[in-house]
Every structure is written in structure tokens, then in C-alpha cells.
Amino acid sequence: MEKLFTLRNVRVQPRGRCILAIEELNLPDNQHISIIGPNGAGKSTLLRALLGLHGAGVQLRGEAVVSKLKKGQVAWVGQHGQYNLPLTVTEYVQLGCAHHAGWFRPVKAPLPQLKELLEVFDLCDLADQRIGSLSGGEQQRANVVRALLQNASVLLLDEPCNHLDIRHQHRLMDYLRQNHDRFAVVMVLHDLSMAANYSDFVVLINEGQIVAAGTPHDVMQTQLLSEVYQWPIRRMDEDGKIYFRMDQAA
């Protein structure tokens, strides 16, 4: 198995409180990877650790992750974008092209790619509006387009479906799957059904510890999920899709 990220002895202890402790974790390359777990489990902390923000111990394709970041090979979509900028939607998304030149340099995306992404994510009619005037879901879609225009080989997405309606959630996931040969994806997801249907590899985390990592079939067992989420969870298979529902507590 080709390795995308390798983590060794990664610990995050703000003010002496351990919120992430990983002895060893290997994430496979050329796959779509989801990080799942309850609130406060350490999902976002783990994703930020992949950026090398919590010290050494992280390699990306056999090299220190910092060197890959400097080359623009990793694109990031966080939970909270920076939208208080005097930019139109078109200008904002093209910041992804300015990775090597620095912010606010006049670097433009190739027009065909820009038009395609604005169309895919329903932003064409908003292209000339100020990014700060958009709704939360519209801003999130623009944030995703900005990251995609970086043309990085790795995408790190922290709750990318945040603020998106159902149609745009699935449109985003479909686009990522259809372009699996262009980039690897590591994303934090809350929706278990989404994680099961759109992931090749799943990392289940709780209380800063890796509970399980592997295929959705191996990791997303109802008994294990119910124990981690502390709530009864039922799995349903329908028309080739997997759905999870939270049952009423006993």
C-alpha cells in the first residue's frame, strides 16, 4: 500500500491537556479518506496535524510535510473561511492560484477551469458579487473552488459540507469522486452515511485516540459506532447505498 500520510508519535497537549495522541497511523494514497467521530473527539486537530501544525512526526509521501506545503502541494478548506475581503467571488476563488505568488497578487486561473468550477458549484450568477455578501453555503462553495484552483495533489477538508444543502453536499462529493485521479482527499465528516458511501478509507477517532482505521465496511460497524457515539445506531442498505440512522435511546 502506497502511503499518503505517515504519523508517528504525534501528541497535542495544550495547557497540559492531551487532546490528540497517535503512536502510529498510516493513511493510504490515491484514496478518499474520511475522519469521523463525536464532537470533541479530535477530528479537526488530527486534520491540522497533517499540516505539520503540531510539531514533527508527520510525513507526506515520504517527505516532511512542511516541504510539500511550501511547494503548494496541499490545499486546505477549514471550517471558517476569511470572507471579510474586498473581493468578488471570481477574485476570491483565484486566490487559490496565487499560492506561490502570495496573496492579492494578480494571478488568474485558466479560464476553462475557472468557468467549469463556477458552473459545477453554481457560482456563475454570483461571480461578480462581493464574497462577503454571500450566504454561508455560497461562501463555502467558493472556498472549495478556491482550494480546487490551487491544483494541489492533496486536499484537506474540514467539514466541507458545512452550510451546504443536500444537493450541493452530494454535488461536492460526486465531484471529488469523479476526479479521484487528480488528487487525494482527507476530510472530516459528521454525516456517517456520507462517509460510508463516498470514502475508500475511514478513520474513527474518539477522545484523541484512533479507535479504528480501514475500509468503511471494516470500521463502520454498528456496535462499534454505537459505543463511540454513545447512542444506538442502525445501519440500512438500500439500492447499493449505506444509510445510518440514530435510534431512540433505550
# chains A, B, ... in the order shown; residues from 1 in each chain; ligands from 1
call {"tool": "residues_around", "arguments": {"residues": "A:Asp29", "least_positions_apart": "6", "cutoff": "6 Å", "atoms": "only C-alpha atoms", "output": "list in words"}}
result
Glu2, Lys3 and Leu4 of chain A
call {"tool": "residues_around", "arguments": {"residues": "A:Ala196", "least_positions_apart": "3", "cutoff": "7 Å", "atoms": "only C-alpha atoms", "output": "PyMOL selection string"}}
result
chain A and resi 192-193+199+216+242
call {"tool": "write_last_selection", "arguments": {"atoms": "C-alpha atoms", "output": "mmCIF file, in the first residue's frame"}}
result
data_model
loop_
_atom_site.group_PDB
_atom_site.id
_atom_site.type_symbol
_atom_site.label_atom_id
_atom_site.label_comp_id
_atom_site.auth_asym_id
_atom_site.auth_seq_id
_atom_site.Cartn_x
_atom_site.Cartn_y
_atom_site.Cartn_z
ATOM 1 C CA LEU A 192 -21.958 8.810 8.726
ATOM 2 C CA SER A 193 -23.933 7.883 5.606
ATOM 3 C CA SER A 199 -14.936 7.097 1.301
ATOM 4 C CA PRO A 216 -15.886 1.701 5.649
ATOM 5 C CA ILE A 242 -25.478 2.594 3.006
#
call {"tool": "residues_around", "arguments": {"residues": "stretch 44-55 of chain A", "least_positions_apart": "6", "cutoff": "10 Å", "atoms": "only C-alpha atoms", "output": "CSV table (one decimal) with N, CA and C atoms, in the first residue's frame"}}
result
chain,number,residue,atom,x,y,z
A,5,PHE,N,-0.1,9.9,4.0
A,5,PHE,CA,0.5,10.5,5.3
A,5,PHE,C,0.9,9.4,6.2
A,6,THR,N,2.0,9.6,6.9
A,6,THR,CA,2.5,8.8,7.9
A,6,THR,C,2.7,9.6,9.2
A,7,LEU,N,2.0,9.2,10.3
A,7,LEU,CA,2.2,9.9,11.6
A,7,LEU,C,2.8,9.0,12.6
A,10,VAL,N,2.6,11.5,17.5
A,10,VAL,CA,2.1,12.8,17.4
A,10,VAL,C,1.2,13.1,18.6
A,11,ARG,N,1.5,14.1,19.4
A,11,ARG,CA,0.8,14.4,20.6
A,11,ARG,C,0.5,15.9,20.6
A,12,VAL,N,-0.8,16.2,20.9
A,12,VAL,CA,-1.2,17.6,21.1
A,12,VAL,C,-1.7,17.8,22.5
A,13,GLN,N,-1.0,18.7,23.3
A,13,GLN,CA,-1.3,18.9,24.7
A,13,GLN,C,-1.3,20.3,25.0
A,19,ILE,N,-5.2,16.3,23.8
A,19,ILE,CA,-6.4,16.2,23.0
A,19,ILE,C,-6.2,15.3,21.8
A,20,LEU,N,-4.9,14.9,21.6
A,20,LEU,CA,-4.6,14.0,20.4
A,20,LEU,C,-3.3,13.3,20.8
A,21,ALA,N,-3.4,11.9,20.7
A,21,ALA,CA,-2.2,11.1,21.0
A,21,ALA,C,-2.2,9.9,20.0
A,22,ILE,N,-1.3,10.0,19.0
A,22,ILE,CA,-1.2,9.0,18.0
A,22,ILE,C,0.2,8.4,18.0
A,35,ILE,N,-12.4,11.2,8.2
A,35,ILE,CA,-12.2,11.2,9.6
A,35,ILE,C,-13.6,11.4,10.3
A,36,ILE,N,-14.0,10.4,11.1
A,36,ILE,CA,-15.3,10.5,11.8
A,36,ILE,C,-15.1,10.4,13.3
A,64,ALA,N,9.0,15.4,4.7
A,64,ALA,CA,8.4,16.2,5.7
A,64,ALA,C,7.3,17.0,5.1
A,65,VAL,N,6.2,17.1,5.8
A,65,VAL,CA,5.0,17.7,5.2
A,65,VAL,C,5.3,19.2,4.9
A,66,VAL,N,6.1,19.9,5.7
A,66,VAL,CA,6.4,21.3,5.5
A,66,VAL,C,7.0,21.6,4.1
A,68,LYS,N,6.3,19.9,1.4
A,68,LYS,CA,5.2,19.8,0.4
A,68,LYS,C,4.3,21.0,0.5
A,69,LEU,N,4.1,21.6,1.7
A,69,LEU,CA,3.3,22.8,1.8
A,69,LEU,C,3.9,23.9,1.1
A,74,VAL,N,-0.5,20.9,-1.1
A,74,VAL,CA,-1.6,20.6,-0.2
A,74,VAL,C,-2.5,21.8,-0.1
A,75,ALA,N,-3.8,21.6,-0.4
A,75,ALA,CA,-4.8,22.7,-0.3
A,75,ALA,C,-5.7,22.4,0.9
A,76,TRP,N,-6.2,23.5,1.5
A,76,TRP,CA,-6.9,23.4,2.8
A,76,TRP,C,-8.2,24.1,2.7
A,78,GLY,N,-10.9,25.1,5.6
A,78,GLY,CA,-11.2,25.0,7.0
A,78,GLY,C,-12.7,25.2,7.3
A,79,GLN,N,-13.1,25.1,8.5
A,79,GLN,CA,-14.5,25.3,8.9
A,79,GLN,C,-14.9,26.8,8.7
A,156,LEU,N,-7.2,18.8,1.9
A,156,LEU,CA,-7.6,18.6,3.3
A,156,LEU,C,-8.8,19.4,3.6
A,157,LEU,N,-9.9,18.8,3.9
A,157,LEU,CA,-11.2,19.5,4.0
A,157,LEU,C,-11.8,19.2,5.4
A,158,ASP,N,-12.0,20.3,6.1
A,158,ASP,CA,-12.5,20.2,7.5
A,158,ASP,C,-14.0,20.5,7.4
A,159,GLU,N,-14.9,19.5,7.5
A,159,GLU,CA,-16.3,19.6,7.4
A,159,GLU,C,-16.7,20.4,6.1
A,186,VAL,N,-8.5,14.0,2.2
A,186,VAL,CA,-8.7,13.7,3.6
A,186,VAL,C,-9.7,14.7,4.1
A,187,MET,N,-10.8,14.2,4.6
A,187,MET,CA,-11.8,15.2,5.1
A,187,MET,C,-12.5,14.7,6.4
A,188,VAL,N,-12.9,15.7,7.2
A,188,VAL,CA,-13.6,15.5,8.4
A,188,VAL,C,-15.1,15.5,8.0
A,189,LEU,N,-15.9,14.5,8.3
A,189,LEU,CA,-17.3,14.4,8.0
A,189,LEU,C,-18.1,14.1,9.3
A,205,ILE,N,-12.2,8.2,15.3
A,205,ILE,CA,-11.4,8.8,16.4
A,205,ILE,C,-12.3,9.1,17.6
A,208,GLY,N,-9.3,11.8,21.3
A,208,GLY,CA,-7.9,12.0,20.9
A,208,GLY,C,-7.2,10.7,20.5
A,209,GLN,N,-7.9,9.6,20.5
A,209,GLN,CA,-7.3,8.3,20.2
A,209,GLN,C,-7.9,7.7,18.9
A,210,ILE,N,-7.1,7.0,18.1
A,210,ILE,CA,-7.6,6.3,17.0
A,210,ILE,C,-8.3,5.0,17.5
call {"tool": "closest_atom_pairs", "arguments": {"of": "stretch 158-230 of chain A", "to": "stretch 117-134 of chain A", "cutoff": "9 Å", "atoms": "only C-alpha atoms", "output": "JSON lines"}}
result
{"residue": "A:His168", "atom": "CA", "partner": "A:Phe121", "partner_atom": "CA", "distance": 7.4}
{"residue": "A:Arg171", "atom": "CA", "partner": "A:Phe121", "partner_atom": "CA", "distance": 7.6}
{"residue": "A:Leu172", "atom": "CA", "partner": "A:Phe121", "partner_atom": "CA", "distance": 7.7}
{"residue": "A:Tyr175", "atom": "CA", "partner": "A:Val120", "partner_atom": "CA", "distance": 8.3}
call {"tool": "write_last_selection", "arguments": {"atoms": "C-alpha atoms", "output": "short mmCIF file (atom, residue, chain, number, x, y, z; two decimals), in the first residue's frame"}}
result
data_model
loop_
_atom_site.label_atom_id
_atom_site.label_comp_id
_atom_site.auth_asym_id
_atom_site.auth_seq_id
_atom_site.Cartn_x
_atom_site.Cartn_y
_atom_site.Cartn_z
CA HIS A 168 -24.63 20.72 -3.00
CA ARG A 171 -22.51 17.52 -5.84
CA LEU A 172 -19.28 18.21 -3.94
CA TYR A 175 -17.05 15.91 -7.99
#
call {"tool": "select_by_dssp", "arguments": {"residues": "stretch 57-207 of chain A", "states": "alpha helix (DSSP H)", "output": "PyMOL selection string"}}
result
chain A and resi 65-70+89-93+111-120+136-148+166-178+192-198
call {"tool": "write_last_selection", "arguments": {"atoms": "N, CA and C atoms", "output": "compact mmCIF listing (two decimals), in the first residue's frame"}}
result
# COMPACT_ATOMS: atom_id res chain seq x y z
N VAL A 65 6.17 17.09 5.78
CA VAL A 65 5.01 17.74 5.20
C VAL A 65 5.26 19.22 4.92
N VAL A 66 6.15 19.86 5.69
CA VAL A 66 6.43 21.28 5.50
C VAL A 66 6.96 21.56 4.10
N SER A 67 7.82 20.69 3.60
CA SER A 67 8.38 20.91 2.27
C SER A 67 7.30 20.81 1.20
N LYS A 68 6.33 19.94 1.39
CA LYS A 68 5.23 19.80 0.44
C LYS A 68 4.33 21.03 0.47
N LEU A 69 4.13 21.58 1.67
CA LEU A 69 3.31 22.78 1.81
C LEU A 69 3.93 23.95 1.06
N LYS A 70 5.24 24.09 1.18
CA LYS A 70 5.93 25.20 0.51
C LYS A 70 5.81 25.10 -1.01
N VAL A 89 -16.45 37.24 -5.96
CA VAL A 89 -16.32 35.78 -5.90
C VAL A 89 -15.22 35.30 -6.83
N THR A 90 -15.17 35.86 -8.04
CA THR A 90 -14.14 35.46 -9.00
C THR A 90 -12.75 35.78 -8.47
N GLU A 91 -12.58 36.95 -7.89
CA GLU A 91 -11.27 37.33 -7.35
C GLU A 91 -10.91 36.45 -6.16
N TYR A 92 -11.90 36.14 -5.34
CA TYR A 92 -11.63 35.32 -4.16
C TYR A 92 -11.17 33.92 -4.54
N VAL A 93 -11.90 33.26 -5.44
CA VAL A 93 -11.53 31.88 -5.77
C VAL A 93 -10.17 31.82 -6.44
N LEU A 111 -9.01 30.14 -17.73
CA LEU A 111 -10.43 30.44 -17.89
C LEU A 111 -11.30 29.19 -18.00
N PRO A 112 -10.93 28.17 -18.77
CA PRO A 112 -11.79 26.97 -18.84
C PRO A 112 -11.99 26.31 -17.48
N GLN A 113 -10.93 26.20 -16.69
CA GLN A 113 -11.05 25.57 -15.38
C GLN A 113 -11.89 26.43 -14.45
N LEU A 114 -11.69 27.74 -14.48
CA LEU A 114 -12.46 28.65 -13.65
C LEU A 114 -13.95 28.54 -13.98
N LYS A 115 -14.27 28.59 -15.27
CA LYS A 115 -15.68 28.52 -15.69
C LYS A 115 -16.30 27.18 -15.30
N GLU A 116 -15.54 26.10 -15.49
CA GLU A 116 -16.06 24.78 -15.14
C GLU A 116 -16.42 24.70 -13.67
N LEU A 117 -15.52 25.15 -12.80
CA LEU A 117 -15.76 25.04 -11.37
C LEU A 117 -16.88 25.96 -10.90
N LEU A 118 -16.96 27.15 -11.46
CA LEU A 118 -18.06 28.05 -11.10
C LEU A 118 -19.39 27.44 -11.52
N GLU A 119 -19.41 26.74 -12.64
CA GLU A 119 -20.64 26.08 -13.09
C GLU A 119 -20.97 24.88 -12.20
N VAL A 120 -19.99 24.06 -11.92
CA VAL A 120 -20.22 22.86 -11.12
C VAL A 120 -20.81 23.22 -9.76
N GLY A 136 -23.85 31.65 3.87
CA GLY A 136 -22.82 30.74 4.36
C GLY A 136 -22.54 29.60 3.41
N GLY A 137 -23.60 29.03 2.82
CA GLY A 137 -23.42 27.93 1.88
C GLY A 137 -22.72 28.36 0.61
N GLU A 138 -23.06 29.55 0.12
CA GLU A 138 -22.41 30.08 -1.09
C GLU A 138 -20.94 30.36 -0.83
N GLN A 139 -20.64 30.92 0.33
CA GLN A 139 -19.23 31.16 0.69
C GLN A 139 -18.46 29.86 0.80
N GLN A 140 -19.09 28.84 1.37
CA GLN A 140 -18.40 27.55 1.49
C GLN A 140 -18.09 26.96 0.12
N ARG A 141 -19.03 27.06 -0.81
CA ARG A 141 -18.78 26.56 -2.16
C ARG A 141 -17.64 27.34 -2.81
N ALA A 142 -17.58 28.64 -2.60
CA ALA A 142 -16.48 29.44 -3.15
C ALA A 142 -15.16 29.04 -2.51
N ASN A 143 -15.19 28.71 -1.23
CA ASN A 143 -13.98 28.28 -0.53
C ASN A 143 -13.45 26.98 -1.12
N VAL A 144 -14.36 26.07 -1.44
CA VAL A 144 -13.96 24.81 -2.06
C VAL A 144 -13.36 25.05 -3.45
N VAL A 145 -13.99 25.93 -4.24
CA VAL A 145 -13.46 26.25 -5.56
C VAL A 145 -12.07 26.86 -5.45
N ARG A 146 -11.88 27.75 -4.47
CA ARG A 146 -10.55 28.34 -4.25
C ARG A 146 -9.50 27.26 -4.05
N ALA A 147 -9.82 26.27 -3.21
CA ALA A 147 -8.87 25.19 -2.94
C ALA A 147 -8.61 24.35 -4.19
N LEU A 148 -9.67 24.07 -4.95
CA LEU A 148 -9.51 23.25 -6.15
C LEU A 148 -8.65 23.96 -7.20
N ILE A 166 -28.50 19.70 0.80
CA ILE A 166 -28.27 18.29 0.42
C ILE A 166 -27.76 18.17 -1.01
N ARG A 167 -28.34 18.95 -1.92
CA ARG A 167 -27.93 18.86 -3.32
C ARG A 167 -26.45 19.21 -3.48
N HIS A 168 -26.02 20.30 -2.83
CA HIS A 168 -24.63 20.72 -3.00
C HIS A 168 -23.66 19.83 -2.21
N GLN A 169 -24.15 19.21 -1.14
CA GLN A 169 -23.30 18.23 -0.45
C GLN A 169 -22.94 17.08 -1.39
N HIS A 170 -23.96 16.53 -2.05
CA HIS A 170 -23.71 15.40 -2.93
C HIS A 170 -22.99 15.83 -4.21
N ARG A 171 -23.24 17.04 -4.66
CA ARG A 171 -22.51 17.52 -5.84
C ARG A 171 -21.02 17.63 -5.53
N LEU A 172 -20.69 18.13 -4.34
CA LEU A 172 -19.28 18.21 -3.94
C LEU A 172 -18.67 16.82 -3.86
N MET A 173 -19.35 15.89 -3.19
CA MET A 173 -18.80 14.55 -3.03
C MET A 173 -18.67 13.84 -4.39
N ASP A 174 -19.65 14.02 -5.26
CA ASP A 174 -19.57 13.43 -6.59
C ASP A 174 -18.38 13.99 -7.37
N TYR A 175 -18.17 15.30 -7.26
CA TYR A 175 -17.05 15.91 -7.99
C TYR A 175 -15.72 15.35 -7.48
N LEU A 176 -15.59 15.22 -6.18
CA LEU A 176 -14.35 14.68 -5.62
C LEU A 176 -14.12 13.25 -6.09
N ARG A 177 -15.18 12.45 -6.13
CA ARG A 177 -15.04 11.06 -6.56
C ARG A 177 -14.70 10.97 -8.05
N GLN A 178 -15.33 11.81 -8.85
CA GLN A 178 -15.10 11.77 -10.29
C GLN A 178 -13.68 12.20 -10.66
N LEU A 192 -22.48 10.16 8.85
CA LEU A 192 -21.96 8.81 8.73
C LEU A 192 -22.33 8.18 7.39
N SER A 193 -23.53 8.44 6.90
CA SER A 193 -23.93 7.88 5.61
C SER A 193 -23.06 8.43 4.49
N MET A 194 -22.76 9.72 4.56
CA MET A 194 -21.89 10.34 3.56
C MET A 194 -20.50 9.71 3.61
N ALA A 195 -19.99 9.52 4.81
CA ALA A 195 -18.66 8.91 4.95
C ALA A 195 -18.64 7.49 4.40
N ALA A 196 -19.69 6.73 4.66
CA ALA A 196 -19.73 5.33 4.22
C ALA A 196 -19.80 5.22 2.71
N ASN A 197 -20.53 6.11 2.06
CA ASN A 197 -20.78 5.99 0.63
C ASN A 197 -19.73 6.67 -0.24
N TYR A 198 -18.98 7.62 0.32
CA TYR A 198 -18.03 8.37 -0.51
C TYR A 198 -16.57 8.17 -0.10
call {"tool": "select_by_dssp", "arguments": {"residues": "stretch 41-240 of chain A", "states": "strand (DSSP E)", "output": "mmCIF file with N, CA and C atoms, in the first residue's frame"}}
result
data_model
loop_
_atom_site.group_PDB
_atom_site.id
_atom_site.type_symbol
_atom_site.label_atom_id
_atom_site.label_comp_id
_atom_site.auth_asym_id
_atom_site.auth_seq_id
_atom_site.Cartn_x
_atom_site.Cartn_y
_atom_site.Cartn_z
ATOM 1 N N VAL A 58 5.156 13.924 11.144
ATOM 2 C CA VAL A 58 4.219 13.763 10.048
ATOM 3 C C VAL A 58 4.972 13.834 8.725
ATOM 4 N N GLN A 59 4.793 12.825 7.898
ATOM 5 C CA GLN A 59 5.389 12.820 6.565
ATOM 6 C C GLN A 59 4.294 12.683 5.515
ATOM 7 N N LEU A 60 4.500 13.342 4.385
ATOM 8 C CA LEU A 60 3.597 13.248 3.252
ATOM 9 C C LEU A 60 4.368 12.640 2.092
ATOM 10 N N GLU A 63 8.158 12.499 2.657
ATOM 11 C CA GLU A 63 8.902 13.722 2.935
ATOM 12 C C GLU A 63 8.228 14.488 4.063
ATOM 13 N N ALA A 64 9.011 15.353 4.718
ATOM 14 C CA ALA A 64 8.433 16.215 5.735
ATOM 15 C C ALA A 64 7.313 17.032 5.103
ATOM 16 N N VAL A 74 -0.466 20.935 -1.077
ATOM 17 C CA VAL A 74 -1.569 20.641 -0.170
ATOM 18 C C VAL A 74 -2.505 21.842 -0.139
ATOM 19 N N ALA A 75 -3.791 21.612 -0.417
ATOM 20 C CA ALA A 75 -4.799 22.669 -0.341
ATOM 21 C C ALA A 75 -5.694 22.405 0.861
ATOM 22 N N TRP A 76 -6.159 23.489 1.486
ATOM 23 C CA TRP A 76 -6.878 23.395 2.752
ATOM 24 C C TRP A 76 -8.206 24.142 2.674
ATOM 25 N N VAL A 77 -9.250 23.502 3.181
ATOM 26 C CA VAL A 77 -10.539 24.165 3.397
ATOM 27 C C VAL A 77 -10.908 23.965 4.857
ATOM 28 N N VAL A 154 -3.091 17.062 -2.964
ATOM 29 C CA VAL A 154 -3.756 16.612 -1.742
ATOM 30 C C VAL A 154 -4.717 17.700 -1.282
ATOM 31 N N LEU A 155 -5.953 17.307 -0.969
ATOM 32 C CA LEU A 155 -6.946 18.223 -0.414
ATOM 33 C C LEU A 155 -7.252 17.817 1.019
ATOM 34 N N LEU A 156 -7.169 18.776 1.938
ATOM 35 C CA LEU A 156 -7.572 18.565 3.321
ATOM 36 C C LEU A 156 -8.814 19.415 3.567
ATOM 37 N N LEU A 157 -9.921 18.765 3.902
ATOM 38 C CA LEU A 157 -11.206 19.451 4.011
ATOM 39 C C LEU A 157 -11.796 19.208 5.393
ATOM 40 N N ASP A 158 -11.989 20.283 6.145
ATOM 41 C CA ASP A 158 -12.549 20.183 7.495
ATOM 42 C C ASP A 158 -14.042 20.510 7.429
ATOM 43 N N ALA A 184 -5.656 13.287 -3.909
ATOM 44 C CA ALA A 184 -6.108 12.511 -2.755
ATOM 45 C C ALA A 184 -6.873 13.460 -1.836
ATOM 46 N N VAL A 185 -7.817 12.907 -1.100
ATOM 47 C CA VAL A 185 -8.669 13.723 -0.240
ATOM 48 C C VAL A 185 -8.678 13.156 1.172
ATOM 49 N N VAL A 186 -8.477 14.030 2.153
ATOM 50 C CA VAL A 186 -8.684 13.682 3.559
ATOM 51 C C VAL A 186 -9.666 14.707 4.107
ATOM 52 N N MET A 187 -10.796 14.246 4.625
ATOM 53 C CA MET A 187 -11.826 15.180 5.069
ATOM 54 C C MET A 187 -12.461 14.727 6.374
ATOM 55 N N VAL A 188 -12.852 15.713 7.161
ATOM 56 C CA VAL A 188 -13.638 15.474 8.364
ATOM 57 C C VAL A 188 -15.109 15.513 7.973
ATOM 58 N N PHE A 201 -11.516 4.881 2.700
ATOM 59 C CA PHE A 201 -10.799 4.592 3.945
ATOM 60 C C PHE A 201 -11.373 5.514 5.010
ATOM 61 N N VAL A 202 -11.603 4.977 6.186
ATOM 62 C CA VAL A 202 -12.221 5.745 7.275
ATOM 63 C C VAL A 202 -11.360 5.639 8.526
ATOM 64 N N VAL A 203 -11.180 6.786 9.198
ATOM 65 C CA VAL A 203 -10.506 6.830 10.493
ATOM 66 C C VAL A 203 -11.541 7.227 11.538
ATOM 67 N N LEU A 204 -11.764 6.351 12.506
ATOM 68 C CA LEU A 204 -12.692 6.623 13.605
ATOM 69 C C LEU A 204 -11.873 7.036 14.820
ATOM 70 N N ILE A 205 -12.161 8.224 15.335
ATOM 71 C CA ILE A 205 -11.377 8.772 16.434
ATOM 72 C C ILE A 205 -12.300 9.141 17.584
ATOM 73 N N ASN A 206 -11.803 8.980 18.798
ATOM 74 C CA ASN A 206 -12.572 9.364 19.986
ATOM 75 C C ASN A 206 -11.612 9.693 21.115
ATOM 76 N N GLN A 209 -7.894 9.560 20.485
ATOM 77 C CA GLN A 209 -7.259 8.281 20.185
ATOM 78 C C GLN A 209 -7.891 7.683 18.926
ATOM 79 N N ILE A 210 -7.073 6.985 18.139
ATOM 80 C CA ILE A 210 -7.594 6.279 16.976
ATOM 81 C C ILE A 210 -8.273 5.004 17.460
ATOM 82 N N VAL A 211 -9.578 4.909 17.209
ATOM 83 C CA VAL A 211 -10.342 3.724 17.609
ATOM 84 C C VAL A 211 -10.221 2.639 16.546
ATOM 85 N N ALA A 212 -10.320 3.028 15.272
ATOM 86 C CA ALA A 212 -10.218 2.067 14.171
ATOM 87 C C ALA A 212 -9.883 2.824 12.900
ATOM 88 N N ALA A 213 -9.236 2.148 11.963
ATOM 89 C CA ALA A 213 -8.901 2.727 10.662
ATOM 90 C C ALA A 213 -8.902 1.620 9.631
ATOM 91 N N GLY A 214 -9.606 1.852 8.521
ATOM 92 C CA GLY A 214 -9.685 0.842 7.476
ATOM 93 C C GLY A 214 -10.807 1.169 6.521
ATOM 94 N N ILE A 233 -27.128 3.119 17.062
ATOM 95 C CA ILE A 233 -27.053 3.442 15.634
ATOM 96 C C ILE A 233 -27.426 2.209 14.833
ATOM 97 N N ARG A 234 -28.277 2.415 13.835
ATOM 98 C CA ARG A 234 -28.704 1.318 12.964
ATOM 99 C C ARG A 234 -28.201 1.565 11.547
ATOM 100 N N ARG A 235 -27.771 0.492 10.896
ATOM 101 C CA ARG A 235 -27.313 0.564 9.505
ATOM 102 C C ARG A 235 -28.374 -0.033 8.592
ATOM 103 N N MET A 236 -28.608 0.637 7.459
ATOM 104 C CA MET A 236 -29.547 0.147 6.458
ATOM 105 C C MET A 236 -28.876 0.180 5.089
ATOM 106 N N ASP A 237 -29.074 -0.863 4.302
ATOM 107 C CA ASP A 237 -28.548 -0.947 2.940
ATOM 108 C C ASP A 237 -29.712 -0.888 1.963
ATOM 109 N N GLU A 238 -29.645 0.058 1.039
ATOM 110 C CA GLU A 238 -30.753 0.249 0.114
ATOM 111 C C GLU A 238 -30.231 0.724 -1.234
#
call {"tool": "atom_distance", "arguments": {"atom1": "atom CA of A:Leu25", "atom2": "atom CA of A:Asn9"}}
result
9.1 Å
